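Next comes run.cif, a file with mmCIF, C-alpha atoms.
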data_work
loop_
_atom_site.label_atom_id
_atom_site.label_comp_id
_atom_site.auth_asym_id
_atom_site.auth_seq_id
_atom_site.Cartn_x
_atom_site.Cartn_y
_atom_site.Cartn_z
CA MET A 14 0.08 3.84 18.16
CA GLY A 15 0.45 0.17 18.68
CA PHE A 16 -1.55 -3.02 18.55
CA ILE A 17 -4.61 -3.17 16.35
CA LEU A 18 -8.03 -4.57 17.21
CA LEU A 19 -10.49 -6.22 14.87
CA PRO A 20 -13.25 -4.34 13.03
CA GLU A 21 -16.74 -5.24 14.10
CA ASP A 22 -17.46 -7.07 10.85
CA GLY A 23 -15.53 -8.64 8.02
CA LEU A 24 -14.84 -11.94 6.27
CA PRO A 25 -11.64 -13.77 5.27
CA GLY A 26 -9.84 -12.43 2.22
CA PHE A 27 -6.35 -13.30 1.00
CA THR A 28 -4.88 -16.58 2.16
CA GLU A 29 -1.20 -16.47 1.19
CA THR A 30 1.85 -14.42 2.04
CA VAL A 31 5.41 -14.31 0.74
CA CYS A 32 8.04 -13.25 3.28
CA ARG A 33 11.83 -13.08 3.15
CA GLN A 34 14.25 -13.18 6.06
CA PRO A 35 17.24 -10.82 5.59
CA GLU A 36 20.73 -12.24 5.99
CA ASN A 37 21.99 -9.51 8.33
CA PHE A 38 20.21 -8.63 11.55
CA ASP A 39 20.32 -4.87 12.19
CA LEU A 40 20.73 -3.94 15.86
CA TYR A 41 19.44 -0.46 15.02
CA GLN A 42 16.05 -2.07 14.45
CA VAL A 43 16.12 -3.54 17.95
CA ASN A 44 17.01 -0.13 19.40
CA GLU A 45 13.97 1.39 17.67
CA PHE A 46 11.79 -1.36 19.11
CA VAL A 47 13.16 -0.97 22.63
CA SER A 48 12.91 2.84 22.49
CA TYR A 49 9.23 2.49 21.66
CA LEU A 50 8.66 0.10 24.56
CA PHE A 51 10.35 2.53 26.95
CA GLN A 52 7.47 4.94 26.33
CA TYR A 53 5.24 2.56 28.28
CA GLY A 54 7.55 1.19 30.96
CA GLU A 55 11.09 0.42 32.07
CA LEU A 56 13.26 -2.56 31.17
CA ASN A 57 16.71 -3.28 32.53
CA ASP A 58 19.75 -4.36 30.51
CA SER A 59 19.09 -8.07 31.00
CA HIS A 60 15.50 -7.62 29.79
CA VAL A 61 16.68 -5.81 26.67
CA LYS A 62 19.21 -8.57 26.00
CA LEU A 63 16.50 -11.23 26.25
CA LEU A 64 14.26 -9.31 23.86
CA SER A 65 17.05 -8.80 21.33
CA GLU A 66 17.77 -12.54 21.35
CA GLN A 67 14.15 -13.47 20.59
CA VAL A 68 12.99 -10.95 17.97
CA GLN A 69 13.54 -11.69 14.29
CA SER A 70 13.90 -9.28 11.39
CA LEU A 71 11.45 -9.78 8.53
CA GLN A 72 11.22 -8.07 5.14
CA LEU A 73 8.05 -7.82 3.06
CA ALA A 74 7.81 -6.78 -0.56
CA LYS A 75 4.99 -4.55 -1.73
CA GLY A 76 1.84 -6.67 -1.86
CA ASP A 77 3.04 -9.30 0.62
CA LEU A 78 0.80 -10.19 3.55
CA PHE A 79 2.17 -10.14 7.07
CA SER A 80 -0.98 -11.71 8.51
CA THR A 81 -3.99 -13.14 6.70
CA ALA A 82 -7.70 -13.50 7.27
CA GLY A 83 -8.79 -17.04 7.96
CA ARG A 84 -5.67 -17.91 9.95
CA VAL A 85 -4.84 -17.55 13.63
CA ALA A 86 -2.56 -14.59 14.36
CA ASP A 87 0.50 -16.05 16.09
CA THR A 88 3.15 -13.38 15.47
CA ILE A 89 3.62 -9.87 16.84
CA GLY A 90 5.09 -7.41 14.36
CA PHE A 91 6.79 -4.06 14.98
CA ILE A 92 7.21 -1.88 11.90
CA VAL A 93 10.72 -0.50 11.48
CA SER A 94 10.03 0.88 8.01
CA GLY A 95 7.20 0.83 5.50
CA VAL A 96 3.39 0.93 5.50
CA LEU A 97 0.88 -1.84 6.16
CA ARG A 98 -2.84 -1.75 5.43
CA ILE A 99 -5.40 -3.56 7.57
CA SER A 100 -8.41 -4.61 5.50
CA TYR A 101 -11.37 -6.96 5.54
CA LYS A 102 -13.98 -8.22 3.10
CA LYS A 103 -17.65 -7.46 3.31
CA GLU A 104 -20.17 -10.16 2.42
CA ALA A 105 -20.56 -8.72 -1.08
CA GLY A 106 -16.80 -9.03 -1.56
CA GLU A 107 -15.99 -5.33 -1.14
CA ASP A 108 -12.48 -4.75 0.18
CA VAL A 109 -12.55 -2.25 3.07
CA THR A 110 -9.51 -0.47 4.49
CA ARG A 111 -9.71 -0.42 8.26
CA LEU A 112 -6.41 1.20 9.19
CA PHE A 113 -2.90 2.13 8.03
CA LEU A 114 0.18 1.26 10.06
CA SER A 115 3.64 2.75 9.56
CA GLU A 116 6.96 3.17 11.35
CA ASN A 117 7.07 2.56 15.12
CA GLN A 118 3.70 0.83 15.27
CA PHE A 119 2.75 -2.73 16.17
CA ALA A 120 0.89 -4.99 13.78
CA LEU A 121 -1.29 -7.58 15.48
CA ASP A 122 -4.87 -8.83 15.55
CA ILE A 123 -5.17 -8.94 19.32
CA GLU A 124 -8.42 -10.92 19.47
CA SER A 125 -7.07 -13.70 17.25
CA PHE A 126 -3.71 -13.71 19.05
CA ARG A 127 -5.28 -13.97 22.51
CA THR A 128 -8.10 -16.40 21.82
CA GLY A 129 -6.64 -18.58 19.08
CA THR A 130 -9.59 -17.82 16.79
CA ARG A 131 -9.17 -17.13 13.10
CA SER A 132 -8.47 -13.57 12.12
CA ARG A 133 -10.93 -11.69 9.93
CA VAL A 134 -8.45 -9.11 8.63
CA ASP A 135 -5.42 -8.95 6.33
CA PHE A 136 -2.23 -7.01 7.02
CA GLU A 137 -0.93 -6.08 3.55
CA ALA A 138 2.35 -4.33 2.76
CA LEU A 139 1.66 -1.23 0.65
CA THR A 140 5.40 -0.56 0.39
CA GLU A 141 8.55 -2.54 1.02
CA CYS A 142 8.53 -3.15 4.78
CA THR A 143 10.94 -4.19 7.49
CA LEU A 144 9.48 -5.56 10.71
CA LEU A 145 10.72 -7.07 13.92
CA THR A 146 8.68 -10.13 14.80
CA LEU A 147 8.07 -12.15 17.92
CA SER A 148 6.26 -15.48 17.89
CA LYS A 149 3.50 -16.15 20.39
CA ASN A 150 5.55 -18.91 22.00
CA ASP A 151 8.54 -16.62 22.47
CA TYR A 152 6.28 -13.83 23.70
CA GLU A 153 4.78 -16.09 26.38
CA MET A 154 8.26 -17.22 27.39
CA LEU A 155 9.37 -13.60 27.73
CA LEU A 156 6.39 -12.81 29.95
CA VAL A 157 7.87 -15.25 32.46
CA SER A 158 11.47 -14.10 32.00
CA ILE A 159 10.67 -10.36 31.98
CA PRO A 160 8.11 -9.58 34.73
CA PRO A 161 7.48 -5.91 33.68
CA LEU A 162 6.62 -6.96 30.13
CA ALA A 163 3.02 -7.97 30.87
CA ASN A 164 2.14 -4.56 32.31
CA LEU A 165 4.00 -2.80 29.52
CA PHE A 166 2.10 -4.60 26.77
CA SER A 167 -1.15 -4.13 28.68
CA LYS A 168 -0.62 -0.36 28.47
CA ILE A 169 0.07 -0.59 24.74
CA MET A 170 -3.09 -2.62 24.17
CA THR A 171 -5.15 -0.18 26.22
CA ALA A 172 -3.87 2.65 24.07
CA ALA A 173 -4.87 0.66 20.97
CA LEU A 174 -8.39 0.18 22.33
CA LEU A 175 -8.73 3.91 23.00
CA LYS A 176 -7.63 4.66 19.46
CA LYS A 177 -10.19 2.22 18.09
CA MET A 178 -12.93 3.95 20.09
CA GLN A 179 -11.80 7.38 18.89
CA LEU A 180 -11.79 6.21 15.29
CA GLY A 181 -15.27 4.78 15.59
CA ARG A 182 -16.59 7.99 17.13
CA ARG A 183 -14.97 10.07 14.41
CA MET A 184 -16.59 8.02 11.66
CA LEU A 185 -19.99 8.67 13.25
CA GLU A 186 -19.59 12.33 14.19
CA GLN A 187 -17.40 13.88 11.49
CA ASP A 188 -18.24 14.59 7.88
CA ALA A 189 -16.00 13.46 5.03
CA GLN A 190 -13.93 16.65 4.93
CA GLU A 191 -13.33 16.60 8.69
CA ARG A 192 -12.24 12.96 8.51
CA TYR A 193 -9.86 13.81 5.68
CA TRP A 194 -8.15 16.62 7.58
CA ALA A 195 -7.95 14.48 10.71
CA PHE A 196 -6.26 11.80 8.61
CA MET A 197 -3.79 14.36 7.25
CA ASP A 198 -2.98 15.59 10.78
CA GLU A 199 -2.47 12.09 12.17
CA HIS A 200 -0.57 10.68 9.19
CA PRO A 201 1.54 13.47 7.67
CA GLY A 202 3.15 12.31 4.45
CA LEU A 203 1.22 9.05 4.28
CA LEU A 204 -1.00 10.27 1.44
CA ASN A 205 2.02 10.19 -0.86
CA ARG A 206 2.93 6.62 0.12
CA VAL A 207 -0.36 4.75 -0.35
CA PRO A 208 -2.93 4.43 -3.16
CA LEU A 209 -5.71 7.01 -2.93
CA LEU A 210 -8.24 4.22 -3.48
CA HIS A 211 -7.33 2.81 -0.06
CA VAL A 212 -7.41 6.24 1.58
CA ALA A 213 -10.94 6.79 0.25
CA SER A 214 -12.00 3.41 1.60
CA TYR A 215 -10.49 4.23 5.00
CA LEU A 216 -12.40 7.53 5.10
CA GLY A 217 -15.65 5.84 4.08
CA ILE A 218 -16.03 7.83 0.86
CA THR A 219 -15.67 7.25 -2.87
CA PRO A 220 -12.43 8.05 -4.74
CA SER A 221 -14.23 10.85 -6.62
CA SER A 222 -15.35 12.42 -3.33
CA LEU A 223 -11.78 12.27 -2.05
CA SER A 224 -10.59 13.96 -5.23
CA ARG A 225 -13.11 16.79 -4.77
CA ILE A 226 -12.07 17.28 -1.14
CA ARG A 227 -8.40 17.43 -2.11
CA LYS A 228 -9.23 20.03 -4.76
CA GLY A 229 -11.17 22.10 -2.25
CA ARG A 230 -14.58 21.71 -3.87
CA ILE A 231 -16.26 20.66 -0.61
#
Go ahead and express the file in the form of structure tokens.
Amino acid sequence: MGFILLPEDGLPGFTETVCRQPENFDLYQVNEFVSYLFQYGELNDSHVKLLSEQVQSLQLAKGDLFSTAGRVADTIGFIVSGVLRISYKKEAGEDVTRLFLSENQFALDIESFRTGTRSRVDFEALTECTLLTLSKNDYEMLLVSIPPLANLFSKIMTAALLKKMQLGRRMLEQDAQERYWAFMDEHPGLLNRVPLLHVASYLGITPSSLSRIRKGRI
């Protein structure tokens, strides 16, 4: 899946991020990015060359923030490796996990990016991460230089909206055990890469309930 939309509620949380730019740019990363885009449309060689000249490689350490609540999202991220967590704060201060993102997914608060309003969610690295990034200015320039790009990204955003709707319906219709097994089907191997506390929050249950489900008590 790709771009991520905001939750319906949430307040600003963390306000700082520490990012490091690697010395060597890996063309393999660009190939992964382009291969993903090809699932939604066609780009010719000149388009691919333009993209490769604009994207930047970014590395995050565990705990770094790619994007923060309270700031305007102005960078598109494509995850080459690692896991990000999207979270927001409730009024009482409770930290809520909205979504996990891993390899070959986009990281972006679309509403903030499009409207210039402050984001209400954090994108936190749960592992060491490598991303390809594209600034909003460069993205808008590429929309002019690469005519098919607008339709391609529109398809990706539509797919993100559908996923958001499916997730919301699942949270309403499924019980905790059904949500857990759906999570396992959609994210094989992810349970071993992220803290169970965040998984429980994502599923809308307590850590003890998650433990019982994993042990087969429910």
Which of A:Thr143, A:Ser115, A:Lys149, A:Lys177 sits closest to Arg127 (chain A) [using only C-alpha atoms]: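 Result for the nearest residue to Arg127 (chain A): A:Lys149.
Comparing the minimum interatomic distances between Gly217 (chain A) and each of A:Leu180, A:Val43, A:Leu203, A:Val134, counting all atoms listed in the file, we find that A:Leu180 sits nearest.
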Can you list what the PyMOL selection byres ((chain A and resi 222-224) around 10) grabs from this structure, as a short mmCIF file (atom, residue, chain, number, x, y, z; two decimals) with C-alpha atoms, keeping the file's coordinate frame?
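Saved result, expr_0.cif, follows:
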data_model
loop_
_atom_site.label_atom_id
_atom_site.label_comp_id
_atom_site.auth_asym_id
_atom_site.auth_seq_id
_atom_site.Cartn_x
_atom_site.Cartn_y
_atom_site.Cartn_z
CA ALA A 189 -16.00 13.46 5.03
CA GLN A 190 -13.93 16.65 4.93
CA TYR A 193 -9.86 13.81 5.68
CA LEU A 209 -5.71 7.01 -2.93
CA LEU A 210 -8.24 4.22 -3.48
CA VAL A 212 -7.41 6.24 1.58
CA ALA A 213 -10.94 6.79 0.25
CA SER A 214 -12.00 3.41 1.60
CA LEU A 216 -12.40 7.53 5.10
CA GLY A 217 -15.65 5.84 4.08
CA ILE A 218 -16.03 7.83 0.86
CA THR A 219 -15.67 7.25 -2.87
CA PRO A 220 -12.43 8.05 -4.74
CA SER A 221 -14.23 10.85 -6.62
CA ARG A 225 -13.11 16.79 -4.77
CA ILE A 226 -12.07 17.28 -1.14
CA ARG A 227 -8.40 17.43 -2.11
CA LYS A 228 -9.23 20.03 -4.76
CA GLY A 229 -11.17 22.10 -2.25
CA ARG A 230 -14.58 21.71 -3.87
CA ILE A 231 -16.26 20.66 -0.61
#
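Listed by chain and then by number, the residues chosen by the PyMOL selection byres ((chain A and resi 153) around 12) in this file are Leu64, Gln67, Asp87, Thr88, Ile89, Phe126, Arg127, Leu147, Ser148, Lys149, Asn150, Asp151, Tyr152, Met154, Leu155, Leu156, Val157, Ser158, Ile159, Pro160, Leu162, Ala163 and Phe166 of chain A.
When all atoms listed in the file are used to compute distances to Arg98 (chain A), the closest of the residues A:Leu144, A:Ala172, A:Leu114, A:Leu56 turns out to be A:Leu114.
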Suppose you want the space between CA of His200 (chain A) and CA of Thr146 (chain A); what is it in Å? 23.5 Å
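From CA of Asp188 (chain A) back to CA of Gly95 (chain A), the distance works out to 29.0 Å.
With distances restricted to all atoms listed in the file, A:Leu145 is the closest residue to Ser70 (chain A) from A:Leu145, A:Met178, A:Ala195, A:Val207.
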Shell around Arg84 (chain A) at 8 Å using only C-alpha atoms, local window under 4 positions removed, as a count of residues only: 5
For CA of Glu191 (chain A) and CA of Leu139 (chain A), quote the distance in Å rounded to one decimal. 24.6 Å
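Around the point (-9.7, -5.4, 5.0), within 8 Å and counting only C-alpha atoms, we find these residues: A:Gly23, A:Gly26, A:Arg98, A:Ile99, A:Ser100, A:Tyr101, A:Lys102, A:Asp108, A:Val109, A:Thr110, A:Arg111, A:Val134, A:Asp135, A:Phe136.
Comparing A:Trp194, A:Tyr53, A:Phe91, A:Phe79 by their smallest distance to Asn164 (chain A), the closest is A:Tyr53 (using all atoms listed in the file).
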Proximity to Val85 (chain A) - best of A:Lys168, A:Arg133, A:Arg206, A:Lys62, only C-alpha atoms: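 Using only C-alpha atoms, Val85 (chain A) sits closest to A:Arg133.
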The PyMOL selection byres ((chain A and resi 92) around 6) - which residues does that actually catch in the file I just gave you? List them as a ChimeraX atom specification. /A:91,93-94,116-118,144
Give me a file of those residues, with C-alpha atoms, as a compact mmCIF listing (two decimals), in the frame of the given file.
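And here is the file that came out, out03.txt:
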# COMPACT_ATOMS: atom_id res chain seq x y z
CA PHE A 91 6.79 -4.06 14.98
CA VAL A 93 10.72 -0.50 11.48
CA SER A 94 10.03 0.88 8.01
CA GLU A 116 6.96 3.17 11.35
CA ASN A 117 7.07 2.56 15.12
CA GLN A 118 3.70 0.83 15.27
CA LEU A 144 9.48 -5.56 10.71
